[in-house]
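Student: Input: one structure, supplied below.
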Amino acid sequence: MIDPNLIGELQKDHQKLLLSKEEAAAFLGDLAALCRQHHVLLRTSDGMIRFSKSFEKSDTRTTFKTLVDSGGRAPAAKIVMKD
């Protein structure tokens with residue numbers, strides 16, 4: 001069984017990694033501008049984009065693996081977290 005204190009500590013850590021309203025607005029504004037620049041529609045299965053800050057000393061970063069169909073087109077990409 002997981003220690004309830006550990007769960008509480010993990011929840012506190014997670015709260016520290018959430019973007020402020022201003023940070024989220026800036027990030028999403030940049031993302032929207034990039035989509036407009038490349039004429040790309042960004043879609044998800046549930047219509048939600050989830051994001052958080054990375055740990056301060058972490059080398060983990062978000063990358064993407066392009067999924068190519070049999071016609072050589074790229075209709076989607078998988079999110080890949082890399083260290």
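Naming works like this for the structure tokens: A, B, ... for the chains as they're shown, residue 1 at the start of each chain, ligands 1 onward in shown order.
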Env of Lys82 in chain A: 10 Å cut, atoms = only C-alpha atoms, seq-sep filter 5 positions within chain, self excluded. Answer as number ranges by chain.

Tutor: A: 59-64

Student: Taking only residues of range 29-67 of chain A that have an atom at most 12 Å from an atom of range 75-80 of chain A, what is each one's shortest atom pair and its distance in Å to one decimal, using only C-alpha atoms, in chain and number order, as a Markdown table?

Tutor:
| residue | atom | partner | partner_atom | distance |
| --- | --- | --- | --- | --- |
| A:Val40 | CA | A:Pro75 | CA | 10.7 |
| A:Leu41 | CA | A:Pro75 | CA | 10.6 |
| A:Leu42 | CA | A:Ala76 | CA | 9.4 |
| A:Arg43 | CA | A:Ala76 | CA | 9.2 |
| A:Thr44 | CA | A:Ala76 | CA | 9.8 |
| A:Ser45 | CA | A:Ala76 | CA | 11.6 |
| A:Ile49 | CA | A:Ile79 | CA | 11.5 |
| A:Arg50 | CA | A:Ile79 | CA | 11.4 |
| A:Phe51 | CA | A:Ile79 | CA | 11.6 |
| A:Thr60 | CA | A:Val80 | CA | 10.0 |
| A:Arg61 | CA | A:Val80 | CA | 8.4 |
| A:Thr62 | CA | A:Val80 | CA | 6.0 |
| A:Thr63 | CA | A:Val80 | CA | 5.1 |
| A:Phe64 | CA | A:Ile79 | CA | 4.8 |
| A:Lys65 | CA | A:Lys78 | CA | 5.1 |
| A:Thr66 | CA | A:Ala77 | CA | 4.2 |
| A:Leu67 | CA | A:Ala77 | CA | 5.2 |

Student: Take the residues that were just selected and, keeping C-alpha atoms, output them as a PDB file, in the first residue's frame.

Tutor:
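File written: part_11.pdb
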ATOM      1  CA  VAL A  40      -1.857  23.515 -38.710  1.00  0.00           C
ATOM      2  CA  LEU A  41      -4.978  22.480 -36.795  1.00  0.00           C
ATOM      3  CA  LEU A  42      -4.069  20.944 -33.455  1.00  0.00           C
ATOM      4  CA  ARG A  43      -6.532  18.279 -32.233  1.00  0.00           C
ATOM      5  CA  THR A  44      -6.738  15.804 -29.366  1.00  0.00           C
ATOM      6  CA  SER A  45      -9.185  12.986 -28.741  1.00  0.00           C
ATOM      7  CA  ILE A  49      -4.091  19.883 -23.881  1.00  0.00           C
ATOM      8  CA  ARG A  50      -2.338  19.049 -20.628  1.00  0.00           C
ATOM      9  CA  PHE A  51       0.917  20.690 -19.657  1.00  0.00           C
ATOM     10  CA  THR A  60      13.434  15.810 -19.430  1.00  0.00           C
ATOM     11  CA  ARG A  61      11.908  17.549 -22.426  1.00  0.00           C
ATOM     12  CA  THR A  62       8.943  17.084 -24.714  1.00  0.00           C
ATOM     13  CA  THR A  63       9.630  15.729 -28.183  1.00  0.00           C
ATOM     14  CA  PHE A  64       7.378  14.278 -30.864  1.00  0.00           C
ATOM     15  CA  LYS A  65       7.515  11.082 -32.909  1.00  0.00           C
ATOM     16  CA  THR A  66       5.826  11.592 -36.279  1.00  0.00           C
ATOM     17  CA  LEU A  67       3.373   8.881 -37.279  1.00  0.00           C
TER      18      LEU A  67
END

Student: Rounded to one decimal, what separation in Å do you get between CA of Asp83 in chain A and CA of Ser58 in chain A?

Tutor: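 Here the two named atoms are 7.8 Å from each other.
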
Student: Take CA of Lys12 in chain A and CA of Ser52 in chain A and report the distance between them in Å, one decimal.

Tutor: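 Those two atoms sit 13.5 Å apart.
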
Student: From chain A, collect each residue whose DSSP state is strand (DSSP E) and return the set as a list in words.

Tutor: Arg61, Thr62, Thr63, Phe64, Lys65, Thr66, Leu67, Ala76, Ala77, Lys78, Ile79, Val80, Met81 and Lys82 of chain A

Student: I need the residues from that last selection saved to file as a CSV table (one decimal), in the first residue's frame (with all heavy atoms), if you can.

Tutor:
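Generated output (result25.csv):
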chain,number,residue,atom,x,y,z
A,61,ARG,N,12.5,16.6,-21.5
A,61,ARG,CA,11.9,17.5,-22.4
A,61,ARG,C,10.9,16.8,-23.3
A,61,ARG,O,10.9,15.6,-23.5
A,61,ARG,CB,13.0,18.2,-23.3
A,61,ARG,CG,13.7,17.3,-24.2
A,61,ARG,CD,15.0,17.9,-24.8
A,61,ARG,NE,15.6,17.1,-25.8
A,61,ARG,CZ,16.3,16.0,-25.5
A,61,ARG,NH1,16.5,15.6,-24.3
A,61,ARG,NH2,16.8,15.3,-26.5
A,62,THR,N,10.0,17.6,-23.8
A,62,THR,CA,8.9,17.1,-24.7
A,62,THR,C,9.5,17.0,-26.1
A,62,THR,O,10.0,18.0,-26.7
A,62,THR,CB,7.7,18.0,-24.7
A,62,THR,OG1,7.3,18.1,-23.3
A,62,THR,CG2,6.6,17.4,-25.5
A,63,THR,N,9.3,15.9,-26.8
A,63,THR,CA,9.6,15.7,-28.2
A,63,THR,C,8.4,15.0,-28.8
A,63,THR,O,7.5,14.6,-28.1
A,63,THR,CB,10.9,14.9,-28.4
A,63,THR,OG1,10.7,13.6,-27.9
A,63,THR,CG2,12.1,15.6,-27.8
A,64,PHE,N,8.5,14.9,-30.1
A,64,PHE,CA,7.4,14.3,-30.9
A,64,PHE,C,7.9,13.2,-31.8
A,64,PHE,O,8.9,13.5,-32.5
A,64,PHE,CB,6.6,15.3,-31.6
A,64,PHE,CG,6.1,16.4,-30.8
A,64,PHE,CD1,6.8,17.6,-30.6
A,64,PHE,CD2,4.9,16.3,-30.1
A,64,PHE,CE1,6.3,18.6,-29.8
A,64,PHE,CE2,4.4,17.3,-29.2
A,64,PHE,CZ,5.1,18.4,-29.1
A,65,LYS,N,7.2,12.1,-31.9
A,65,LYS,CA,7.5,11.1,-32.9
A,65,LYS,C,6.4,11.1,-34.0
A,65,LYS,O,5.3,10.9,-33.7
A,65,LYS,CB,7.5,9.7,-32.2
A,65,LYS,CG,7.6,8.5,-33.1
A,65,LYS,CD,9.0,8.2,-33.5
A,65,LYS,CE,9.0,6.9,-34.3
A,65,LYS,NZ,9.9,6.9,-35.3
A,66,THR,N,6.8,11.5,-35.2
A,66,THR,CA,5.8,11.6,-36.3
A,66,THR,C,5.3,10.2,-36.7
A,66,THR,O,6.1,9.3,-36.8
A,66,THR,CB,6.5,12.3,-37.5
A,66,THR,OG1,7.0,13.5,-37.1
A,66,THR,CG2,5.5,12.5,-38.6
A,67,LEU,N,4.0,10.1,-36.8
A,67,LEU,CA,3.4,8.9,-37.3
A,67,LEU,C,3.1,9.1,-38.8
A,67,LEU,O,2.4,10.0,-39.1
A,67,LEU,CB,2.1,8.6,-36.5
A,67,LEU,CG,2.3,8.5,-35.0
A,67,LEU,CD1,0.9,8.3,-34.3
A,67,LEU,CD2,3.2,7.4,-34.6
A,76,ALA,N,-0.4,12.6,-37.7
A,76,ALA,CA,-0.4,12.7,-36.2
A,76,ALA,C,1.1,12.6,-35.7
A,76,ALA,O,2.0,12.2,-36.5
A,76,ALA,CB,-1.3,11.7,-35.6
A,77,ALA,N,1.2,12.8,-34.5
A,77,ALA,CA,2.5,12.6,-33.8
A,77,ALA,C,2.3,12.1,-32.4
A,77,ALA,O,1.2,12.5,-31.8
A,77,ALA,CB,3.4,13.9,-33.8
A,78,LYS,N,3.1,11.3,-31.9
A,78,LYS,CA,3.1,10.8,-30.5
A,78,LYS,C,4.0,11.7,-29.6
A,78,LYS,O,5.1,12.1,-30.0
A,78,LYS,CB,3.5,9.4,-30.5
A,78,LYS,CG,3.4,8.8,-29.1
A,78,LYS,CD,3.8,7.3,-29.2
A,78,LYS,CE,3.7,6.7,-27.8
A,78,LYS,NZ,4.0,5.2,-27.8
A,79,ILE,N,3.5,12.1,-28.5
A,79,ILE,CA,4.3,12.9,-27.5
A,79,ILE,C,5.3,11.9,-26.9
A,79,ILE,O,4.9,10.9,-26.4
A,79,ILE,CB,3.4,13.6,-26.5
A,79,ILE,CG1,2.5,14.6,-27.2
A,79,ILE,CG2,4.3,14.2,-25.4
A,79,ILE,CD1,1.5,15.2,-26.2
A,80,VAL,N,6.5,12.3,-26.9
A,80,VAL,CA,7.6,11.4,-26.3
A,80,VAL,C,8.4,12.3,-25.3
A,80,VAL,O,8.8,13.4,-25.7
A,80,VAL,CB,8.5,10.9,-27.3
A,80,VAL,CG1,9.6,10.0,-26.7
A,80,VAL,CG2,7.8,10.1,-28.4
A,81,MET,N,8.5,11.9,-24.1
A,81,MET,CA,9.3,12.6,-23.1
A,81,MET,C,10.7,12.0,-23.1
A,81,MET,O,10.9,10.8,-23.0
A,81,MET,CB,8.7,12.4,-21.7
A,81,MET,CG,7.2,12.9,-21.6
A,81,MET,SD,7.1,14.6,-22.1
A,81,MET,CE,6.7,15.3,-20.6
A,82,LYS,N,11.7,12.8,-23.3
A,82,LYS,CA,13.1,12.4,-23.4
A,82,LYS,C,13.9,13.0,-22.3
A,82,LYS,O,13.7,14.2,-21.9
A,82,LYS,CB,13.6,12.8,-24.7
A,82,LYS,CG,13.0,12.1,-25.9
A,82,LYS,CD,14.1,11.7,-26.8
A,82,LYS,CE,13.4,10.8,-27.9
A,82,LYS,NZ,14.2,10.5,-29.0
